[in-house]
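Trainee: Just one file: data.cif, with mmCIF, N, CA and C atoms.
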data_query
#
loop_
_atom_site.label_atom_id
_atom_site.label_comp_id
_atom_site.auth_asym_id
_atom_site.auth_seq_id
_atom_site.Cartn_x
_atom_site.Cartn_y
_atom_site.Cartn_z
N MET A 1 83.57 119.67 119.35
CA MET A 1 84.12 118.45 119.90
C MET A 1 85.29 118.83 120.79
N ASN A 2 85.31 118.34 122.05
CA ASN A 2 86.40 118.71 122.93
C ASN A 2 87.66 117.93 122.59
N ARG A 3 88.78 118.37 123.18
CA ARG A 3 90.09 117.79 122.83
C ARG A 3 90.19 116.30 123.16
N SER A 4 89.64 115.87 124.29
CA SER A 4 89.75 114.45 124.66
C SER A 4 88.95 113.57 123.70
N ARG A 5 87.80 114.04 123.27
CA ARG A 5 87.01 113.27 122.30
C ARG A 5 87.71 113.25 120.95
N LEU A 6 88.31 114.37 120.57
CA LEU A 6 89.04 114.42 119.31
C LEU A 6 90.25 113.50 119.35
N ALA A 7 90.97 113.48 120.47
CA ALA A 7 92.13 112.59 120.62
C ALA A 7 91.70 111.13 120.57
N ALA A 8 90.58 110.80 121.21
CA ALA A 8 90.08 109.42 121.18
C ALA A 8 89.67 109.03 119.76
N PHE A 9 89.05 109.96 119.04
CA PHE A 9 88.64 109.69 117.66
C PHE A 9 89.87 109.49 116.78
N ALA A 10 90.89 110.32 116.97
CA ALA A 10 92.13 110.20 116.19
C ALA A 10 92.81 108.87 116.48
N ALA A 11 92.81 108.44 117.74
CA ALA A 11 93.41 107.15 118.09
C ALA A 11 92.66 106.00 117.43
N PHE A 12 91.32 106.09 117.43
CA PHE A 12 90.51 105.07 116.77
C PHE A 12 90.82 105.01 115.28
N LEU A 13 90.90 106.18 114.63
CA LEU A 13 91.20 106.20 113.20
C LEU A 13 92.57 105.61 112.90
N CYS A 14 93.55 105.91 113.74
CA CYS A 14 94.89 105.36 113.54
C CYS A 14 94.87 103.84 113.66
N MET A 15 94.14 103.32 114.65
CA MET A 15 94.03 101.88 114.83
C MET A 15 93.32 101.25 113.64
N ALA A 16 92.23 101.84 113.22
CA ALA A 16 91.48 101.30 112.08
C ALA A 16 92.31 101.35 110.81
N ALA A 17 93.06 102.41 110.63
CA ALA A 17 93.89 102.54 109.43
C ALA A 17 95.02 101.53 109.44
N THR A 18 95.57 101.23 110.62
CA THR A 18 96.64 100.25 110.71
C THR A 18 96.13 98.88 110.28
N VAL A 19 94.94 98.51 110.72
CA VAL A 19 94.34 97.24 110.32
C VAL A 19 94.07 97.24 108.82
N ALA A 20 93.49 98.32 108.31
CA ALA A 20 93.17 98.40 106.88
C ALA A 20 94.43 98.39 106.04
N ALA A 21 95.46 99.12 106.48
CA ALA A 21 96.71 99.17 105.72
C ALA A 21 97.38 97.81 105.69
N ALA A 22 97.27 97.04 106.77
CA ALA A 22 97.87 95.71 106.81
C ALA A 22 97.18 94.79 105.82
N GLN A 23 95.89 95.02 105.54
CA GLN A 23 95.14 94.16 104.65
C GLN A 23 95.03 94.74 103.23
N SER A 24 95.45 95.96 103.04
CA SER A 24 95.21 96.63 101.77
C SER A 24 96.34 96.37 100.77
N PRO A 25 96.05 96.54 99.48
CA PRO A 25 97.07 96.37 98.46
C PRO A 25 97.86 97.65 98.21
N CYS A 26 97.79 98.61 99.11
CA CYS A 26 98.46 99.89 98.92
C CYS A 26 99.96 99.71 98.83
N HIS A 27 100.55 100.46 97.96
CA HIS A 27 102.00 100.46 97.77
C HIS A 27 102.43 101.90 98.05
N LEU A 28 102.74 102.19 99.31
CA LEU A 28 103.07 103.56 99.70
C LEU A 28 104.58 103.77 99.68
N THR A 29 104.99 104.83 99.03
CA THR A 29 106.39 105.23 99.05
C THR A 29 106.47 106.51 99.85
N LYS A 30 107.41 106.56 100.77
CA LYS A 30 107.55 107.76 101.61
C LYS A 30 108.87 108.40 101.28
N PRO A 31 109.02 109.68 101.28
CA PRO A 31 108.03 110.67 101.64
C PRO A 31 107.05 111.00 100.51
N ASP A 32 107.35 110.58 99.27
CA ASP A 32 106.47 110.91 98.16
C ASP A 32 105.46 109.78 97.95
N ARG A 33 104.27 109.95 98.48
CA ARG A 33 103.24 108.92 98.38
C ARG A 33 102.64 108.82 96.99
N LEU A 34 102.99 109.76 96.12
CA LEU A 34 102.49 109.74 94.74
C LEU A 34 103.59 109.41 93.73
N ALA A 35 104.67 108.77 94.18
CA ALA A 35 105.74 108.37 93.27
C ALA A 35 105.17 107.39 92.25
N GLY A 36 105.40 107.65 90.97
CA GLY A 36 104.89 106.79 89.91
C GLY A 36 103.48 107.14 89.45
N PHE A 37 102.85 108.10 90.08
CA PHE A 37 101.49 108.52 89.71
C PHE A 37 101.56 109.76 88.83
N SER A 38 100.64 109.85 87.88
CA SER A 38 100.48 111.08 87.10
C SER A 38 99.66 112.05 87.94
N SER A 39 100.10 113.27 88.00
CA SER A 39 99.42 114.27 88.81
C SER A 39 98.09 114.68 88.19
N LEU A 40 97.06 114.78 89.02
CA LEU A 40 95.75 115.25 88.60
C LEU A 40 95.45 116.57 89.28
N ASP A 41 94.56 117.34 88.70
CA ASP A 41 94.19 118.63 89.28
C ASP A 41 93.25 118.41 90.46
N ALA A 42 93.75 118.66 91.66
CA ALA A 42 92.95 118.46 92.87
C ALA A 42 92.07 119.66 93.19
N MET A 43 92.25 120.76 92.48
CA MET A 43 91.52 121.99 92.80
C MET A 43 90.00 121.85 92.67
N MET A 44 89.53 120.98 91.76
CA MET A 44 88.08 120.86 91.61
C MET A 44 87.44 120.13 92.79
N PHE A 45 88.27 119.48 93.64
CA PHE A 45 87.75 118.78 94.81
C PHE A 45 88.04 119.51 96.12
N VAL A 46 88.73 120.63 96.04
CA VAL A 46 89.13 121.33 97.26
C VAL A 46 87.91 121.91 97.95
N ASP A 47 87.83 121.70 99.23
CA ASP A 47 86.74 122.18 100.06
C ASP A 47 87.35 122.62 101.39
N LEU A 48 86.55 123.13 102.27
CA LEU A 48 87.05 123.47 103.60
C LEU A 48 87.51 122.20 104.30
N PRO A 49 88.54 122.30 105.13
CA PRO A 49 88.97 121.11 105.88
C PRO A 49 87.83 120.56 106.73
N ASP A 50 87.86 119.25 106.94
CA ASP A 50 86.82 118.59 107.73
C ASP A 50 87.49 117.65 108.72
N PRO A 51 87.13 117.74 110.01
CA PRO A 51 87.76 116.87 111.00
C PRO A 51 87.32 115.41 110.90
N ILE A 52 86.25 115.13 110.16
CA ILE A 52 85.76 113.76 110.01
C ILE A 52 86.26 113.21 108.68
N ALA A 53 87.08 112.16 108.77
CA ALA A 53 87.77 111.63 107.59
C ALA A 53 86.81 111.23 106.48
N THR A 54 85.71 110.58 106.81
CA THR A 54 84.78 110.12 105.77
C THR A 54 84.14 111.29 105.03
N ARG A 55 83.88 112.37 105.74
CA ARG A 55 83.32 113.56 105.06
C ARG A 55 84.39 114.23 104.21
N ALA A 56 85.63 114.25 104.69
CA ALA A 56 86.71 114.90 103.94
C ALA A 56 86.95 114.20 102.61
N THR A 57 86.79 112.88 102.58
CA THR A 57 87.02 112.13 101.34
C THR A 57 85.80 112.09 100.43
N SER A 58 84.67 112.56 100.91
CA SER A 58 83.43 112.42 100.15
C SER A 58 83.42 113.20 98.84
N THR A 59 84.17 114.30 98.75
CA THR A 59 84.15 115.05 97.49
C THR A 59 84.76 114.25 96.35
N VAL A 60 85.86 113.55 96.63
CA VAL A 60 86.48 112.71 95.59
C VAL A 60 85.62 111.47 95.37
N GLU A 61 85.16 110.85 96.44
CA GLU A 61 84.35 109.64 96.32
C GLU A 61 83.06 109.88 95.54
N SER A 62 82.43 111.02 95.75
CA SER A 62 81.17 111.30 95.06
C SER A 62 81.36 111.39 93.55
N SER A 63 82.55 111.77 93.10
CA SER A 63 82.78 111.81 91.64
C SER A 63 82.75 110.40 91.06
N PHE A 64 83.24 109.40 91.81
CA PHE A 64 83.16 108.02 91.35
C PHE A 64 81.73 107.49 91.42
N VAL A 65 81.01 107.84 92.46
CA VAL A 65 79.60 107.45 92.58
C VAL A 65 78.81 108.02 91.40
N ASP A 66 79.07 109.26 91.05
CA ASP A 66 78.40 109.89 89.91
C ASP A 66 78.70 109.13 88.61
N GLN A 67 79.94 108.68 88.45
CA GLN A 67 80.31 107.93 87.24
C GLN A 67 79.58 106.58 87.19
N VAL A 68 79.38 105.96 88.34
CA VAL A 68 78.64 104.70 88.39
C VAL A 68 77.18 104.93 88.02
N THR A 69 76.57 105.98 88.58
CA THR A 69 75.16 106.24 88.27
C THR A 69 74.96 106.63 86.81
N ARG A 70 75.96 107.24 86.19
CA ARG A 70 75.87 107.57 84.76
C ARG A 70 76.31 106.40 83.88
N GLU A 71 76.65 105.27 84.52
CA GLU A 71 77.08 104.05 83.85
C GLU A 71 78.35 104.25 83.03
N GLU A 72 79.20 105.16 83.45
CA GLU A 72 80.50 105.34 82.81
C GLU A 72 81.50 104.30 83.30
N ILE A 73 81.34 103.90 84.56
CA ILE A 73 82.12 102.81 85.14
C ILE A 73 81.13 101.87 85.82
N SER A 74 81.53 100.59 85.96
CA SER A 74 80.60 99.64 86.57
C SER A 74 80.78 99.53 88.08
N ALA A 75 81.98 99.82 88.56
CA ALA A 75 82.24 99.70 90.00
C ALA A 75 83.52 100.45 90.35
N PHE A 76 83.70 100.66 91.65
CA PHE A 76 84.97 101.18 92.16
C PHE A 76 85.11 100.73 93.61
N SER A 77 86.33 100.76 94.09
CA SER A 77 86.55 100.42 95.50
C SER A 77 87.35 101.54 96.15
N LYS A 78 87.18 101.65 97.45
CA LYS A 78 87.87 102.68 98.23
C LYS A 78 88.67 101.97 99.31
N THR A 79 89.96 102.29 99.39
CA THR A 79 90.85 101.67 100.37
C THR A 79 91.52 102.74 101.19
N TRP A 80 91.39 102.63 102.51
CA TRP A 80 92.08 103.55 103.42
C TRP A 80 93.50 103.02 103.58
N CYS A 81 94.46 103.67 102.96
CA CYS A 81 95.84 103.19 102.97
C CYS A 81 96.62 103.64 104.20
N GLU A 82 96.39 104.86 104.62
CA GLU A 82 97.14 105.40 105.74
C GLU A 82 96.33 106.51 106.40
N ILE A 83 96.25 106.46 107.70
CA ILE A 83 95.70 107.58 108.45
C ILE A 83 96.64 107.82 109.61
N GLY A 84 97.39 108.90 109.52
CA GLY A 84 98.31 109.27 110.59
C GLY A 84 97.84 110.55 111.24
N LEU A 85 98.71 111.13 112.03
CA LEU A 85 98.35 112.37 112.69
C LEU A 85 98.33 113.56 111.73
N GLN A 86 99.16 113.50 110.69
CA GLN A 86 99.27 114.62 109.77
C GLN A 86 98.87 114.29 108.33
N THR A 87 98.86 113.01 107.98
CA THR A 87 98.63 112.61 106.59
C THR A 87 97.63 111.46 106.52
N MET A 88 96.79 111.51 105.49
CA MET A 88 95.83 110.44 105.22
C MET A 88 95.91 110.15 103.72
N VAL A 89 95.97 108.86 103.37
CA VAL A 89 96.04 108.44 101.98
C VAL A 89 94.90 107.48 101.70
N VAL A 90 94.14 107.78 100.66
CA VAL A 90 92.99 106.95 100.27
C VAL A 90 93.12 106.61 98.78
N ASP A 91 92.97 105.33 98.46
CA ASP A 91 93.01 104.87 97.07
C ASP A 91 91.60 104.56 96.59
N PHE A 92 91.30 104.99 95.37
CA PHE A 92 90.05 104.66 94.69
C PHE A 92 90.45 103.86 93.44
N GLU A 93 89.95 102.64 93.34
CA GLU A 93 90.34 101.75 92.25
C GLU A 93 89.14 101.43 91.37
N VAL A 94 89.33 101.61 90.06
CA VAL A 94 88.29 101.33 89.08
C VAL A 94 88.79 100.20 88.18
N PRO A 95 88.11 99.04 88.21
CA PRO A 95 88.54 97.93 87.35
C PRO A 95 88.29 98.26 85.88
N VAL A 96 89.19 97.75 85.03
CA VAL A 96 89.05 97.93 83.58
C VAL A 96 89.16 96.57 82.91
N GLU A 97 88.61 96.47 81.71
CA GLU A 97 88.70 95.24 80.94
C GLU A 97 89.81 95.38 79.93
N ASP A 98 90.98 94.88 80.30
CA ASP A 98 92.16 94.97 79.45
C ASP A 98 93.07 93.80 79.79
N ASP A 99 93.81 93.29 78.80
CA ASP A 99 94.70 92.17 79.05
C ASP A 99 95.88 92.55 79.95
N ALA A 100 96.41 93.74 79.76
CA ALA A 100 97.61 94.15 80.51
C ALA A 100 97.30 94.96 81.76
N VAL A 101 96.20 95.70 81.74
CA VAL A 101 95.89 96.59 82.85
C VAL A 101 94.70 96.05 83.63
N LYS A 102 94.88 95.90 84.95
CA LYS A 102 93.83 95.39 85.83
C LYS A 102 92.84 96.49 86.21
N SER A 103 93.40 97.67 86.54
CA SER A 103 92.54 98.75 87.02
C SER A 103 93.28 100.09 86.96
N ILE A 104 92.50 101.15 87.12
CA ILE A 104 93.05 102.50 87.24
C ILE A 104 92.93 102.89 88.70
N LEU A 105 94.04 103.32 89.26
CA LEU A 105 94.09 103.67 90.68
C LEU A 105 94.23 105.19 90.81
N THR A 106 93.33 105.79 91.55
CA THR A 106 93.41 107.22 91.87
C THR A 106 93.74 107.33 93.34
N ARG A 107 94.83 108.03 93.65
CA ARG A 107 95.27 108.18 95.04
C ARG A 107 95.05 109.62 95.48
N ALA A 108 94.37 109.77 96.61
CA ALA A 108 94.13 111.09 97.21
C ALA A 108 94.95 111.19 98.49
N VAL A 109 95.74 112.26 98.59
CA VAL A 109 96.56 112.50 99.78
C VAL A 109 95.99 113.72 100.49
N TYR A 110 95.65 113.52 101.75
CA TYR A 110 95.07 114.58 102.58
C TYR A 110 96.06 114.96 103.67
N ILE A 111 96.03 116.21 104.08
CA ILE A 111 96.85 116.65 105.21
C ILE A 111 95.93 117.22 106.27
N TRP A 112 96.37 117.13 107.52
CA TRP A 112 95.63 117.70 108.64
C TRP A 112 96.00 119.17 108.68
N ASP A 113 95.07 120.03 108.34
CA ASP A 113 95.33 121.47 108.20
C ASP A 113 94.89 122.20 109.46
N THR A 114 95.85 122.74 110.19
CA THR A 114 95.54 123.49 111.41
C THR A 114 95.50 124.99 111.15
N GLN A 115 95.80 125.41 109.92
CA GLN A 115 95.83 126.83 109.58
C GLN A 115 94.47 127.37 109.17
N MET A 116 93.56 126.48 108.84
CA MET A 116 92.24 126.89 108.38
C MET A 116 91.23 126.79 109.51
N ASP A 117 90.07 127.38 109.27
CA ASP A 117 88.97 127.25 110.21
C ASP A 117 87.78 126.72 109.44
N PRO A 118 87.34 125.53 109.65
CA PRO A 118 87.66 124.65 110.76
C PRO A 118 88.96 123.87 110.51
N VAL A 119 89.56 123.40 111.58
CA VAL A 119 90.73 122.53 111.50
C VAL A 119 90.26 121.17 111.03
N GLY A 120 91.02 120.53 110.15
CA GLY A 120 90.61 119.20 109.69
C GLY A 120 91.40 118.72 108.50
N TRP A 121 90.91 117.64 107.89
CA TRP A 121 91.56 117.04 106.72
C TRP A 121 91.26 117.87 105.48
N ARG A 122 92.32 118.13 104.69
CA ARG A 122 92.19 118.89 103.46
C ARG A 122 92.92 118.14 102.35
N LEU A 123 92.29 118.02 101.18
CA LEU A 123 92.92 117.36 100.04
C LEU A 123 94.16 118.14 99.64
N ASP A 124 95.29 117.46 99.58
CA ASP A 124 96.56 118.11 99.26
C ASP A 124 97.04 117.76 97.86
N ALA A 125 96.85 116.50 97.45
CA ALA A 125 97.33 116.07 96.13
C ALA A 125 96.50 114.90 95.65
N LEU A 126 96.48 114.75 94.33
CA LEU A 126 95.70 113.69 93.68
C LEU A 126 96.53 113.15 92.53
N GLY A 127 96.58 111.83 92.41
CA GLY A 127 97.34 111.22 91.32
C GLY A 127 96.64 109.98 90.79
N GLU A 128 97.08 109.55 89.60
CA GLU A 128 96.44 108.40 88.94
C GLU A 128 97.52 107.54 88.30
N ARG A 129 97.30 106.22 88.31
CA ARG A 129 98.20 105.29 87.62
C ARG A 129 97.46 104.01 87.31
N GLN A 130 98.05 103.21 86.44
CA GLN A 130 97.48 101.91 86.08
C GLN A 130 98.07 100.84 86.99
N LEU A 131 97.27 99.82 87.28
CA LEU A 131 97.76 98.63 87.97
C LEU A 131 97.80 97.50 86.94
N CYS A 132 98.91 96.81 86.90
CA CYS A 132 99.10 95.75 85.90
C CYS A 132 98.33 94.49 86.26
N ALA A 133 97.82 93.83 85.23
CA ALA A 133 97.07 92.58 85.41
C ALA A 133 97.99 91.38 85.46
N ARG A 134 99.16 91.47 84.85
CA ARG A 134 100.10 90.35 84.80
C ARG A 134 101.44 90.76 85.39
N GLY A 135 102.25 89.76 85.68
CA GLY A 135 103.58 90.01 86.21
C GLY A 135 103.59 90.02 87.73
N ASP A 136 104.78 90.17 88.28
CA ASP A 136 104.96 90.11 89.73
C ASP A 136 104.67 91.44 90.41
N ASP A 137 104.74 92.53 89.67
CA ASP A 137 104.59 93.85 90.28
C ASP A 137 103.41 94.59 89.67
N PRO A 138 102.28 94.70 90.39
CA PRO A 138 101.14 95.43 89.84
C PRO A 138 101.44 96.92 89.66
N PHE A 139 102.48 97.41 90.34
CA PHE A 139 102.86 98.81 90.24
C PHE A 139 104.01 99.04 89.26
N ALA A 140 104.25 98.09 88.34
CA ALA A 140 105.33 98.23 87.37
C ALA A 140 105.11 99.47 86.51
N GLU A 141 106.21 100.09 86.12
CA GLU A 141 106.14 101.30 85.29
C GLU A 141 105.45 101.01 83.97
N ILE A 142 105.79 99.87 83.36
CA ILE A 142 105.16 99.44 82.11
C ILE A 142 104.60 98.04 82.34
N CYS A 143 103.33 97.85 82.06
CA CYS A 143 102.70 96.55 82.28
C CYS A 143 103.14 95.55 81.23
N PRO A 144 103.48 94.30 81.67
CA PRO A 144 103.93 93.26 80.71
C PRO A 144 102.78 92.76 79.86
#
The structure given in the file should be rewritten as structure tokens.

Mentor:
Amino acid sequence: MNRSRLAAFAAFLCMAATVAAAQSPCHLTKPDRLAGFSSLDAMMFVDLPDPIATRATSTVESSFVDQVTREEISAFSKTWCEIGLQTMVVDFEVPVEDDAVKSILTRAVYIWDTQMDPVGWRLDALGERQLCARGDDPFAEICP
């Protein structure tokens, strides 16, 4: 892919992510996008960087698809929270049946890796937290 096509693709992704982020329930804290999340081992999902965002996220997403096919979970959703020039954040949410907890949120943080060949998105960190079903703050430390 030549540079002008790559730049056009990156601009499209940024525009799409801005629209998605405006409509998404993402609660991003900068610079630590995983503040309040329990750290998960991202090494089992590490693959070569991929310049196509949907392919880069497929390793994490496929684990949720596998859980659905094994009937371990009934559904999940994927939300593109942020796509910038250097960082991409994707949330995977699994609903749970609990009075206090609405769902389990898994956040994947990707970085644009120019040191590898091929250049592209690489999973950098993975975290998990609960979203509260009640109260004003779904991201509360302890659910009411």

Trainee: Would you mind telling me which residue in A:Cys132, A:Val89, A:Val94, A:Val119 lies nearest to Ser77 (chain A) when using all atoms listed in the file?

Mentor: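 Ranked by minimum distance to Ser77 (chain A), first place goes to A:Val94.
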
Trainee: To one decimal place in Å, what is the distance between CA of Cys26 (chain A) and CA of Gly127 (chain A)?

Mentor: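 Separation of CA of Cys26 (chain A) and CA of Gly127 (chain A): 13.7 Å.
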
Trainee: What do you get, as a list in words, if you spell out every residue that the PyMOL selection byres ((chain A and resi 36) around 8) selects here?

Mentor: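 Evaluating the PyMOL selection byres ((chain A and resi 36) around 8) on these coordinates yields Asp32, Arg33, Leu34, Ala35, Phe37, Ser38, Ser39, Gly127, Glu128, Arg129, Gln130, Phe139 and Glu141 of chain A.
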
Trainee: Hey, what does DSSP flag as helix (DSSP H, G or I) within chain A? Can you give it to me as a VMD selection string?

Mentor: chain A and resid 3 to 23 42 to 45 53 to 56 58 to 69

Trainee: To test your reading of the structure, identify every residue in region 49-142 of chain A that backbone DSSP assigns to strand (DSSP E), and report it as an MDAnalysis selection string.

Mentor: chainID A and resid 77:83 87:95 101:113 120:132

Trainee: Those selected residues, please, written with N, CA and C atoms and delivered as a tab-separated table (two decimals), keeping the file's coordinate frame.

Mentor:
chain	number	residue	atom	x	y	z
A	77	SER	N	86.33	100.76	94.09
A	77	SER	CA	86.55	100.42	95.50
A	77	SER	C	87.35	101.54	96.15
A	78	LYS	N	87.18	101.65	97.45
A	78	LYS	CA	87.87	102.68	98.23
A	78	LYS	C	88.67	101.97	99.31
A	79	THR	N	89.96	102.29	99.39
A	79	THR	CA	90.85	101.67	100.37
A	79	THR	C	91.52	102.74	101.19
A	80	TRP	N	91.39	102.63	102.51
A	80	TRP	CA	92.08	103.55	103.42
A	80	TRP	C	93.50	103.02	103.58
A	81	CYS	N	94.46	103.67	102.96
A	81	CYS	CA	95.84	103.19	102.97
A	81	CYS	C	96.62	103.64	104.20
A	82	GLU	N	96.39	104.86	104.62
A	82	GLU	CA	97.14	105.40	105.74
A	82	GLU	C	96.33	106.51	106.40
A	83	ILE	N	96.25	106.46	107.70
A	83	ILE	CA	95.70	107.58	108.45
A	83	ILE	C	96.64	107.82	109.61
A	87	THR	N	98.86	113.01	107.98
A	87	THR	CA	98.63	112.61	106.59
A	87	THR	C	97.63	111.46	106.52
A	88	MET	N	96.79	111.51	105.49
A	88	MET	CA	95.83	110.44	105.22
A	88	MET	C	95.91	110.15	103.72
A	89	VAL	N	95.97	108.86	103.37
A	89	VAL	CA	96.04	108.44	101.98
A	89	VAL	C	94.90	107.48	101.70
A	90	VAL	N	94.14	107.78	100.66
A	90	VAL	CA	92.99	106.95	100.27
A	90	VAL	C	93.12	106.61	98.78
A	91	ASP	N	92.97	105.33	98.46
A	91	ASP	CA	93.01	104.87	97.07
A	91	ASP	C	91.60	104.56	96.59
A	92	PHE	N	91.30	104.99	95.37
A	92	PHE	CA	90.05	104.66	94.69
A	92	PHE	C	90.45	103.86	93.44
A	93	GLU	N	89.95	102.64	93.34
A	93	GLU	CA	90.34	101.75	92.25
A	93	GLU	C	89.14	101.43	91.37
A	94	VAL	N	89.33	101.61	90.06
A	94	VAL	CA	88.29	101.33	89.08
A	94	VAL	C	88.79	100.20	88.18
A	95	PRO	N	88.11	99.04	88.21
A	95	PRO	CA	88.54	97.93	87.35
A	95	PRO	C	88.29	98.26	85.88
A	101	VAL	N	96.20	95.70	81.74
A	101	VAL	CA	95.89	96.59	82.85
A	101	VAL	C	94.70	96.05	83.63
A	102	LYS	N	94.88	95.90	84.95
A	102	LYS	CA	93.83	95.39	85.83
A	102	LYS	C	92.84	96.49	86.21
A	103	SER	N	93.40	97.67	86.54
A	103	SER	CA	92.54	98.75	87.02
A	103	SER	C	93.28	100.09	86.96
A	104	ILE	N	92.50	101.15	87.12
A	104	ILE	CA	93.05	102.50	87.24
A	104	ILE	C	92.93	102.89	88.70
A	105	LEU	N	94.04	103.32	89.26
A	105	LEU	CA	94.09	103.67	90.68
A	105	LEU	C	94.23	105.19	90.81
A	106	THR	N	93.33	105.79	91.55
A	106	THR	CA	93.41	107.22	91.87
A	106	THR	C	93.74	107.33	93.34
A	107	ARG	N	94.83	108.03	93.65
A	107	ARG	CA	95.27	108.18	95.04
A	107	ARG	C	95.05	109.62	95.48
A	108	ALA	N	94.37	109.77	96.61
A	108	ALA	CA	94.13	111.09	97.21
A	108	ALA	C	94.95	111.19	98.49
A	109	VAL	N	95.74	112.26	98.59
A	109	VAL	CA	96.56	112.50	99.78
A	109	VAL	C	95.99	113.72	100.49
A	110	TYR	N	95.65	113.52	101.75
A	110	TYR	CA	95.07	114.58	102.58
A	110	TYR	C	96.06	114.96	103.67
A	111	ILE	N	96.03	116.21	104.08
A	111	ILE	CA	96.85	116.65	105.21
A	111	ILE	C	95.93	117.22	106.27
A	112	TRP	N	96.37	117.13	107.52
A	112	TRP	CA	95.63	117.70	108.64
A	112	TRP	C	96.00	119.17	108.68
A	113	ASP	N	95.07	120.03	108.34
A	113	ASP	CA	95.33	121.47	108.20
A	113	ASP	C	94.89	122.20	109.46
A	120	GLY	N	91.02	120.53	110.15
A	120	GLY	CA	90.61	119.20	109.69
A	120	GLY	C	91.40	118.72	108.50
A	121	TRP	N	90.91	117.64	107.89
A	121	TRP	CA	91.56	117.04	106.72
A	121	TRP	C	91.26	117.87	105.48
A	122	ARG	N	92.32	118.13	104.69
A	122	ARG	CA	92.19	118.89	103.46
A	122	ARG	C	92.92	118.14	102.35
A	123	LEU	N	92.29	118.02	101.18
A	123	LEU	CA	92.92	117.36	100.04
A	123	LEU	C	94.16	118.14	99.64
A	124	ASP	N	95.29	117.46	99.58
A	124	ASP	CA	96.56	118.11	99.26
A	124	ASP	C	97.04	117.76	97.86
A	125	ALA	N	96.85	116.50	97.45
A	125	ALA	CA	97.33	116.07	96.13
A	125	ALA	C	96.50	114.90	95.65
A	126	LEU	N	96.48	114.75	94.33
A	126	LEU	CA	95.70	113.69	93.68
A	126	LEU	C	96.53	113.15	92.53
A	127	GLY	N	96.58	111.83	92.41
A	127	GLY	CA	97.34	111.22	91.32
A	127	GLY	C	96.64	109.98	90.79
A	128	GLU	N	97.08	109.55	89.60
A	128	GLU	CA	96.44	108.40	88.94
A	128	GLU	C	97.52	107.54	88.30
A	129	ARG	N	97.30	106.22	88.31
A	129	ARG	CA	98.20	105.29	87.62
A	129	ARG	C	97.46	104.01	87.31
A	130	GLN	N	98.05	103.21	86.44
A	130	GLN	CA	97.48	101.91	86.08
A	130	GLN	C	98.07	100.84	86.99
A	131	LEU	N	97.27	99.82	87.28
A	131	LEU	CA	97.76	98.63	87.97
A	131	LEU	C	97.80	97.50	86.94
A	132	CYS	N	98.91	96.81	86.90
A	132	CYS	CA	99.10	95.75	85.90
A	132	CYS	C	98.33	94.49	86.26

Trainee: Compare A:Asp117, A:Ala100, A:Asp124, A:Thr79 by their minimum atom-to-atom distance to Ile142 (chain A), counting all atoms listed in the file, and give me the closest one.

Mentor: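 That would be A:Ala100, the residue with the smallest distance to Ile142 (chain A).
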
Trainee: Report, in Å with one decimal, the straight-line distance from CA of Asp98 (chain A) to CA of Cys81 (chain A).

Mentor: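 So the two atoms, CA of Asp98 (chain A) and CA of Cys81 (chain A), lie 25.2 Å apart.
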
Trainee: Using all atoms listed in the file, pick whichever of A:Arg70, A:Lys78, A:Arg134, A:Arg55 has the shortest atom-to-atom distance to Lys102 (chain A).

Mentor: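 Using all atoms listed in the file, Lys102 (chain A) sits closest to A:Arg134.
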